[in-house]
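Visitor: Before I ask anything, let me first share the structure, which is written out below as structure tokens.
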Amino acid sequence: MKTYSAKPAEVERKWWLVDAEDVVLGRLAVWLADTVRGKNKPTYTANVDVGDHVVVVNAGKVKLTGRKRANKVYHRHTGYPGGIKSVTAGEILDGRFPERVILKAVERMMPKESPLARAQIRKLKVYAGTSHPHAAQQPVQVDMAALNPKNKRSGK
């Protein structure tokens with residue numbers, strides 16, 4: 001028996017819609033990374049982009065467990081000496097672009113710095129509100145809370 005290797009012309013892509021409201025960030029990011037890479041498919045091939053498109057809405061209402069909202073810090077560098085900038089997860093979620101928390105979480109689970117990783121991360125569309133421009137693709141709704149009771153948190 002030969003090992004199956006997917007070819008780019010054979011790949012069938014689906015569209016998924018995920019509501020991130022009250023969903024735990026890490027658990028959501030793992031599912032998103034696996035789906036965008038195609039690791040949830042039996043036809044997964046490491047050197048071919050076999051993943052699906054995923055649309056995430058309500059990214060600003062994602063939950064962080066414990067004290068991560070105040071203690072999780074994202075760093076970036078401006079390129080100038082002494083130019084390190086730090087911002088907490090709570091500041092990002094309350095700021096102008098709350099979808100960046102989900103994008104960074106998924107981006108850091110992808111293969112590093114390759115054309116394949118860039119092509120895969122482009123299939124992830126994240127929106128802070130409930131509206132998105134991908135209704136024509138008829139994405140299938142995924143209920144993250146039904147997948148595992150630990151996926152959804154309420155309260156704080």
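Chain labels follow the order of the structure tokens: the first chain is A, the next B, and so on; residue numbering restarts at 1 in every chain, and ligands are counted from 1 in their shown order.
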Once DSSP has gone over the backbone, tell me which residues of region 51-141 of chain A are in alpha helix (DSSP H), as a short mmCIF file (atom, residue, chain, number, x, y, z; two decimals) with N, CA and C atoms, in the first residue's frame.
Guide:
data_model
loop_
_atom_site.label_atom_id
_atom_site.label_comp_id
_atom_site.auth_asym_id
_atom_site.auth_seq_id
_atom_site.Cartn_x
_atom_site.Cartn_y
_atom_site.Cartn_z
N LYS A 68 -5.05 35.89 32.75
CA LYS A 68 -4.36 36.18 31.50
C LYS A 68 -4.76 37.52 30.90
N ARG A 69 -5.97 37.96 31.11
CA ARG A 69 -6.41 39.24 30.55
C ARG A 69 -5.53 40.39 31.04
N ALA A 70 -5.09 40.31 32.30
CA ALA A 70 -4.25 41.37 32.87
C ALA A 70 -2.76 41.04 32.79
N ASN A 71 -2.41 39.74 32.82
CA ASN A 71 -1.00 39.37 32.93
C ASN A 71 -0.34 38.93 31.62
N ALA A 89 -3.13 41.65 27.04
CA ALA A 89 -4.23 41.09 26.26
C ALA A 89 -5.52 41.87 26.50
N GLY A 90 -5.74 42.32 27.71
CA GLY A 90 -6.93 43.10 28.02
C GLY A 90 -6.96 44.43 27.27
N GLU A 91 -5.81 45.08 27.15
CA GLU A 91 -5.75 46.34 26.42
C GLU A 91 -6.04 46.13 24.94
N ILE A 92 -5.57 45.03 24.39
CA ILE A 92 -5.84 44.74 22.97
C ILE A 92 -7.33 44.45 22.77
N LEU A 93 -7.91 43.63 23.66
CA LEU A 93 -9.33 43.28 23.53
C LEU A 93 -10.24 44.48 23.71
N ASP A 94 -9.83 45.44 24.51
CA ASP A 94 -10.63 46.66 24.73
C ASP A 94 -10.30 47.74 23.71
N GLU A 99 -9.46 41.69 17.28
CA GLU A 99 -9.25 40.44 16.53
C GLU A 99 -7.79 40.01 16.49
N ARG A 100 -6.87 40.91 16.83
CA ARG A 100 -5.45 40.58 16.80
C ARG A 100 -5.06 39.53 17.83
N VAL A 101 -5.81 39.42 18.92
CA VAL A 101 -5.51 38.40 19.93
C VAL A 101 -5.69 37.02 19.33
N ILE A 102 -6.77 36.80 18.59
CA ILE A 102 -7.01 35.51 17.96
C ILE A 102 -6.01 35.28 16.83
N LEU A 103 -5.75 36.31 16.03
CA LEU A 103 -4.79 36.16 14.93
C LEU A 103 -3.41 35.77 15.44
N LYS A 104 -2.94 36.42 16.50
CA LYS A 104 -1.62 36.10 17.05
C LYS A 104 -1.57 34.70 17.64
N ALA A 105 -2.65 34.30 18.32
CA ALA A 105 -2.69 32.96 18.92
C ALA A 105 -2.59 31.88 17.84
N VAL A 106 -3.32 32.06 16.75
CA VAL A 106 -3.29 31.07 15.66
C VAL A 106 -1.98 31.15 14.91
N GLU A 107 -1.52 32.36 14.64
CA GLU A 107 -0.27 32.56 13.89
C GLU A 107 0.91 31.88 14.58
N PRO A 115 6.34 30.22 2.90
CA PRO A 115 5.25 30.56 1.99
C PRO A 115 3.99 29.74 2.26
N LEU A 116 4.16 28.49 2.67
CA LEU A 116 3.02 27.65 2.98
C LEU A 116 2.25 28.19 4.19
N ALA A 117 2.96 28.61 5.23
CA ALA A 117 2.32 29.16 6.43
C ALA A 117 1.58 30.44 6.10
N ARG A 118 2.16 31.28 5.26
CA ARG A 118 1.49 32.53 4.87
C ARG A 118 0.22 32.25 4.07
N ALA A 119 0.26 31.25 3.21
CA ALA A 119 -0.93 30.89 2.43
C ALA A 119 -2.02 30.32 3.34
N GLN A 120 -1.63 29.57 4.35
CA GLN A 120 -2.60 28.97 5.26
C GLN A 120 -3.23 30.02 6.16
N ILE A 121 -2.45 30.95 6.70
CA ILE A 121 -2.99 31.96 7.62
C ILE A 121 -3.90 32.93 6.88
#
Visitor: Applying 10 Å and only C-alpha atoms, which residues near region 27-44 of chain A remain after dropping the ones on its own chain fewer than 4 positions away? List them as a ChimeraX atom specification.
Guide: /A:4-7,10-11,13-14,16,18-20,23,48-56,62-63,101-111,116-117,119-124,144,148,150-152
Visitor: Print the selection's residues with C-alpha atoms to a file, as a short mmCIF file (atom, residue, chain, number, x, y, z; two decimals), in the first residue's frame.
Guide:
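Output below, filename out_30.cif:
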data_model
loop_
_atom_site.label_atom_id
_atom_site.label_comp_id
_atom_site.auth_asym_id
_atom_site.auth_seq_id
_atom_site.Cartn_x
_atom_site.Cartn_y
_atom_site.Cartn_z
CA TYR A 4 -1.34 9.01 -0.06
CA SER A 5 -0.03 12.43 -1.01
CA ALA A 6 -2.53 15.19 -1.81
CA LYS A 7 -2.03 17.31 -4.89
CA GLU A 10 -7.38 17.65 -5.71
CA VAL A 11 -8.00 19.78 -2.60
CA ARG A 13 -12.04 23.53 0.60
CA LYS A 14 -15.00 24.25 2.87
CA TRP A 16 -16.62 27.43 8.39
CA VAL A 18 -17.25 30.28 14.29
CA ASP A 19 -18.79 32.56 16.91
CA ALA A 20 -16.03 33.38 19.43
CA VAL A 23 -15.16 30.78 23.96
CA VAL A 48 0.47 20.97 0.48
CA ASP A 49 -2.11 23.52 1.63
CA VAL A 50 -5.17 21.31 2.21
CA GLY A 51 -6.88 23.48 4.86
CA ASP A 52 -10.30 25.11 4.90
CA HIS A 53 -11.39 28.74 5.12
CA VAL A 54 -12.57 29.88 8.57
CA VAL A 55 -14.53 33.02 9.43
CA VAL A 56 -14.50 34.08 13.10
CA VAL A 62 -13.36 35.87 23.46
CA LYS A 63 -12.56 34.71 27.01
CA VAL A 101 -5.51 38.40 19.93
CA ILE A 102 -7.01 35.51 17.96
CA LEU A 103 -4.79 36.16 14.93
CA LYS A 104 -1.62 36.10 17.05
CA ALA A 105 -2.69 32.96 18.92
CA VAL A 106 -3.29 31.07 15.66
CA GLU A 107 -0.27 32.56 13.89
CA ARG A 108 2.03 31.30 16.64
CA MET A 109 0.68 27.74 16.20
CA MET A 110 1.51 27.69 12.48
CA PRO A 111 4.80 26.64 10.85
CA LEU A 116 3.02 27.65 2.98
CA ALA A 117 2.32 29.16 6.43
CA ALA A 119 -0.93 30.89 2.43
CA GLN A 120 -2.60 28.97 5.26
CA ILE A 121 -2.99 31.96 7.62
CA ARG A 122 -4.60 33.96 4.78
CA LYS A 123 -7.55 31.57 4.93
CA LEU A 124 -8.40 32.77 8.45
CA MET A 144 -17.59 25.41 19.75
CA ASN A 148 -16.42 20.24 24.56
CA LYS A 150 -14.67 23.36 28.63
CA ASN A 151 -14.65 25.42 25.42
CA LYS A 152 -17.21 27.94 26.62
#
Visitor: In Å, rounded to a single decimal, give me how far CA of Asp22 (chain A) is from CA of His132 (chain A).
Guide: 18.7 Å
Visitor: Just how far from CA of Gly95 (chain A) is CA of Trp15 (chain A), in Å to one decimal?
Guide: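 CA of Gly95 (chain A) lies 28.2 Å from CA of Trp15 (chain A).
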Visitor: To one decimal in Å, tell me the separation between CA of Thr3 (chain A) and CA of Ser114 (chain A).
Guide: 24.5 Å
Visitor: Would you please give, as a JSON list (two decimals) with C-alpha atoms, in the first residue's frame, all residues of region 61-142 of chain A that DSSP assigns to strand (DSSP E or B) based on the backbone?
Guide:
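File produced: out.json:
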[["chain", "number", "residue", "atom", "x", "y", "z"],
["A", 63, "LYS", "CA", -12.56, 34.71, 27.01],
["A", 73, "VAL", "CA", 1.76, 40.55, 27.61],
["A", 74, "TYR", "CA", 2.40, 40.90, 23.88],
["A", 75, "HIS", "CA", 5.75, 42.44, 22.87],
["A", 76, "ARG", "CA", 6.81, 44.02, 19.61],
["A", 77, "HIS", "CA", 9.86, 46.00, 18.57],
["A", 84, "ILE", "CA", 10.32, 47.49, 22.67],
["A", 85, "LYS", "CA", 6.60, 48.04, 23.14],
["A", 86, "SER", "CA", 4.42, 45.94, 25.44],
["A", 87, "VAL", "CA", 0.66, 45.68, 25.69],
["A", 88, "THR", "CA", -1.55, 43.35, 27.72],
["A", 124, "LEU", "CA", -8.40, 32.77, 8.45],
["A", 125, "LYS", "CA", -10.77, 35.76, 8.50],
["A", 126, "VAL", "CA", -11.36, 37.33, 11.93],
["A", 140, "VAL", "CA", -21.17, 26.16, 7.87],
["A", 141, "GLN", "CA", -21.78, 27.23, 11.49],
["A", 142, "VAL", "CA", -19.59, 25.47, 14.07]]
Visitor: Which residues are near Val57 (chain A)? Cut-off 6 Å, only C-alpha atoms, ignore same chain within fewer than 2 positions. Put them as an MDAnalysis selection string.
Guide: chainID A and resid 19 59 127 129:130
Visitor: Would you write out those residues with N, CA and C atoms, as a short mmCIF file (atom, residue, chain, number, x, y, z; two decimals), in the first residue's frame?
Guide:
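File produced: selection_6.cif:
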data_model
loop_
_atom_site.label_atom_id
_atom_site.label_comp_id
_atom_site.auth_asym_id
_atom_site.auth_seq_id
_atom_site.Cartn_x
_atom_site.Cartn_y
_atom_site.Cartn_z
N ASP A 19 -18.47 31.44 16.04
CA ASP A 19 -18.79 32.56 16.91
C ASP A 19 -17.90 32.46 18.14
N ALA A 59 -14.87 38.39 17.76
CA ALA A 59 -13.52 38.15 18.27
C ALA A 59 -13.24 38.98 19.52
N TYR A 127 -13.19 38.82 12.57
CA TYR A 127 -13.92 40.08 12.65
C TYR A 127 -14.34 40.33 14.10
N GLY A 129 -16.84 42.24 15.20
CA GLY A 129 -18.29 42.27 15.38
C GLY A 129 -18.97 41.01 14.84
N THR A 130 -20.29 41.12 14.68
CA THR A 130 -21.05 39.96 14.22
C THR A 130 -21.18 39.88 12.71
#
Visitor: Between A:Arg67, A:His134, A:Lys112, A:Lys61, which is the closest to Pro98 (chain A) once you count only C-alpha atoms?
Guide: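 Among the listed residues, A:Lys61 lies closest to Pro98 (chain A).
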